[in-house]
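What follows is a single structure, written as structure tokens, with notes after it.
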Amino acid sequence: METPPPIKIFPIFLDKRVVCEYNGWYTTLEYHEKARKTSLCRDEILKKQQEKVYDAIHQKLLARELTPGMKISERKMSAALGVSRTPLREAVQILQQEGVLERQEDGTILVRQSSEEEVVEVYEARLALEPFCTRRAARRATAESCLFLRECCRKEGALVEQMESGEIPAEDFACYRYLHTTEVETPFHQKIGEMAGNRLVAKIMSTLRLLSRSWVMIPVSEKTPEEIIANYRRIALEHERIFQAIEMRDEAAAYEAARFHVQNALDIVLSQIEKQPAESLEQKLSRIRRSLEAG
């Protein structure tokens, strides 16, 4: 918030109230103080609403309810969240700057479609930052933070076991993905970022993780339930390995566990890119037509 200009007090009384000049306007000191407090209150409310919108869009992106190329209706979202257009537009602007959303010339807001090169760049950036953060987390770990990470791993293990036992049927795996993202994976890595004690790096890392999950421009081939379960089991084991290294305050092991985790994800992305056939002109035109019809 900008520093307000100084208030000039004049030795003039109007009905026993002090008159003052503020930012080129003359008013009573009593009115100025009331207006100042109202303004601060309004700014605080708008700030909270902006954060509410930002978090809501984040969750939808992480849960893949919003996917690349999908439109976001300002009117519908502001109504759904119970906020005005102003905080919504401010949150959208931040997400534009982060590279997640884009605004078309006609004002339409879209979830940004990334290129294969950008996806790889995001994972390479994660590969540089996440091991660094995890090593610092091991150095600064507390009993309380380790308890939080342990609980995340416990939840993750329970979810995988439910999938393996059939308690979560294959047709409900999308629900598992949402729970895994919102209840386990995101809190787990956010906590590690907090533990690292570098707010700037933690913020960048959070954005990179969001981009790597929301830029789902690479079609993933159909997988069997067994393959999906095996993939989540692998992720759970990697998270457990990261947690154990942090709990033991083993900085070298924590660094290596995080590097291995991100490298595995990057290798999967690279293998998916290699498997994707080049888009033909006919397919490209068909995709453009579908997009226009949807608009």
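In the structure tokens, the first chain shown is A, the next is B, and so on; residue numbers restart at 1 for each chain, and ligands run from 1 in the order shown.
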Enumerate, in order of chain and increasing residue number, the residues of region 112-192 of chain A with an atom no farther than 6 Å from region 247-252 of chain A, each with its shortest atom pair and distance in Å to one decimal, counting only C-alpha atoms, as a tab-separated table.
```
residue	atom	partner	partner_atom	distance
A:Arg135	CA	A:Glu251	CA	4.7
A:Ala138	CA	A:Arg249	CA	4.6
A:Arg139	CA	A:Arg249	CA	5.8
A:Cys146	CA	A:Glu247	CA	6.0
```
Out of region 62-271 of chain A, which residues get strand (DSSP E or B) from DSSP, as an mmCIF file with C-alpha atoms, in the first residue's frame?
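Listing of out19.cif after writing:
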```
data_model
loop_
_atom_site.group_PDB
_atom_site.id
_atom_site.type_symbol
_atom_site.label_atom_id
_atom_site.label_comp_id
_atom_site.auth_asym_id
_atom_site.auth_seq_id
_atom_site.Cartn_x
_atom_site.Cartn_y
_atom_site.Cartn_z
ATOM 1 C CA LYS A 71 -12.252 -20.136 -20.884
ATOM 2 C CA ILE A 72 -12.797 -18.492 -17.518
ATOM 3 C CA LEU A 101 -3.595 -17.482 -17.619
ATOM 4 C CA GLU A 102 -3.751 -15.207 -20.641
ATOM 5 C CA ARG A 103 -6.185 -12.508 -21.738
ATOM 6 C CA ILE A 109 -9.500 -15.137 -20.230
ATOM 7 C CA LEU A 110 -8.006 -18.520 -21.078
ATOM 8 C CA VAL A 111 -5.906 -21.077 -19.262
#
```
TODO: Could you give me, as JSON, numbers by chain, the residues within 10 Å of Phe173 (chain A), counting only C-alpha atoms and dropping anything in the same chain fewer than 5 positions from it?
DONE: {"A": [163, 168, 178, 179, 225, 228, 229]}
Could the residues in this selection be written to a file with all heavy atoms, as a PDB file, in the first residue's frame?
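Below you can see part-v5.pdb, which holds the result:
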```pdb
ATOM      1  N   MET A 163      -6.843 -47.608  -3.304  1.00  0.00           N
ATOM      2  CA  MET A 163      -6.870 -47.879  -4.750  1.00  0.00           C
ATOM      3  C   MET A 163      -6.509 -49.338  -5.022  1.00  0.00           C
ATOM      4  O   MET A 163      -7.155 -50.028  -5.806  1.00  0.00           O
ATOM      5  CB  MET A 163      -5.897 -46.959  -5.482  1.00  0.00           C
ATOM      6  CG  MET A 163      -6.280 -45.493  -5.469  1.00  0.00           C
ATOM      7  SD  MET A 163      -5.041 -44.452  -6.280  1.00  0.00           S
ATOM      8  CE  MET A 163      -5.346 -44.846  -7.991  1.00  0.00           C
ATOM      9  N   ILE A 168     -11.369 -47.679  -3.852  1.00  0.00           N
ATOM     10  CA  ILE A 168     -11.563 -46.585  -4.808  1.00  0.00           C
ATOM     11  C   ILE A 168     -11.584 -47.218  -6.190  1.00  0.00           C
ATOM     12  O   ILE A 168     -10.542 -47.603  -6.718  1.00  0.00           O
ATOM     13  CB  ILE A 168     -10.429 -45.541  -4.721  1.00  0.00           C
ATOM     14  CG1 ILE A 168     -10.364 -44.943  -3.328  1.00  0.00           C
ATOM     15  CG2 ILE A 168     -10.650 -44.443  -5.770  1.00  0.00           C
ATOM     16  CD1 ILE A 168      -9.265 -43.920  -3.146  1.00  0.00           C
ATOM     17  N   TYR A 178      -7.674 -35.657  -7.354  1.00  0.00           N
ATOM     18  CA  TYR A 178      -7.989 -34.385  -6.700  1.00  0.00           C
ATOM     19  C   TYR A 178      -7.564 -34.424  -5.228  1.00  0.00           C
ATOM     20  O   TYR A 178      -6.929 -33.493  -4.732  1.00  0.00           O
ATOM     21  CB  TYR A 178      -9.492 -34.110  -6.811  1.00  0.00           C
ATOM     22  CG  TYR A 178      -9.927 -32.862  -6.069  1.00  0.00           C
ATOM     23  CD1 TYR A 178      -9.743 -31.606  -6.623  1.00  0.00           C
ATOM     24  CD2 TYR A 178     -10.496 -32.961  -4.800  1.00  0.00           C
ATOM     25  CE1 TYR A 178     -10.126 -30.469  -5.944  1.00  0.00           C
ATOM     26  CE2 TYR A 178     -10.880 -31.825  -4.108  1.00  0.00           C
ATOM     27  CZ  TYR A 178     -10.694 -30.577  -4.689  1.00  0.00           C
ATOM     28  OH  TYR A 178     -11.064 -29.459  -4.003  1.00  0.00           O
ATOM     29  N   LEU A 179      -7.915 -35.506  -4.540  1.00  0.00           N
ATOM     30  CA  LEU A 179      -7.554 -35.627  -3.126  1.00  0.00           C
ATOM     31  C   LEU A 179      -6.039 -35.671  -2.947  1.00  0.00           C
ATOM     32  O   LEU A 179      -5.486 -35.051  -2.035  1.00  0.00           O
ATOM     33  CB  LEU A 179      -8.180 -36.896  -2.538  1.00  0.00           C
ATOM     34  CG  LEU A 179      -9.692 -36.882  -2.315  1.00  0.00           C
ATOM     35  CD1 LEU A 179     -10.177 -38.264  -1.908  1.00  0.00           C
ATOM     36  CD2 LEU A 179     -10.071 -35.851  -1.258  1.00  0.00           C
ATOM     37  N   PRO A 225      -5.691 -49.352 -14.947  1.00  0.00           N
ATOM     38  CA  PRO A 225      -5.734 -49.035 -13.511  1.00  0.00           C
ATOM     39  C   PRO A 225      -4.457 -49.468 -12.794  1.00  0.00           C
ATOM     40  O   PRO A 225      -3.978 -48.775 -11.890  1.00  0.00           O
ATOM     41  CB  PRO A 225      -6.950 -49.821 -13.024  1.00  0.00           C
ATOM     42  CG  PRO A 225      -7.844 -49.898 -14.210  1.00  0.00           C
ATOM     43  CD  PRO A 225      -6.914 -50.055 -15.382  1.00  0.00           C
ATOM     44  N   ILE A 228      -1.758 -46.899 -13.376  1.00  0.00           N
ATOM     45  CA  ILE A 228      -2.030 -45.671 -12.615  1.00  0.00           C
ATOM     46  C   ILE A 228      -1.667 -45.871 -11.148  1.00  0.00           C
ATOM     47  O   ILE A 228      -1.018 -45.020 -10.528  1.00  0.00           O
ATOM     48  CB  ILE A 228      -3.515 -45.272 -12.755  1.00  0.00           C
ATOM     49  CG1 ILE A 228      -3.818 -44.896 -14.210  1.00  0.00           C
ATOM     50  CG2 ILE A 228      -3.846 -44.109 -11.818  1.00  0.00           C
ATOM     51  CD1 ILE A 228      -5.281 -44.654 -14.488  1.00  0.00           C
ATOM     52  N   ILE A 229      -2.077 -47.016 -10.589  1.00  0.00           N
ATOM     53  CA  ILE A 229      -1.767 -47.308  -9.181  1.00  0.00           C
ATOM     54  C   ILE A 229      -0.262 -47.395  -8.980  1.00  0.00           C
ATOM     55  O   ILE A 229       0.283 -46.873  -7.994  1.00  0.00           O
ATOM     56  CB  ILE A 229      -2.450 -48.622  -8.750  1.00  0.00           C
ATOM     57  CG1 ILE A 229      -3.974 -48.449  -8.720  1.00  0.00           C
ATOM     58  CG2 ILE A 229      -1.947 -49.063  -7.378  1.00  0.00           C
ATOM     59  CD1 ILE A 229      -4.744 -49.740  -8.510  1.00  0.00           C
TER      60      ILE A 229
END
```
TODO: Give me every helix (DSSP H, G or I) residue in region 14-257 of chain A, going by DSSP on the backbone, as an NGL selection string.
DONE: :A and (29-62 or 74-81 or 85-97 or 116-140 or 143-165 or 170-196 or 199-214 or 225-247 or 251-257)
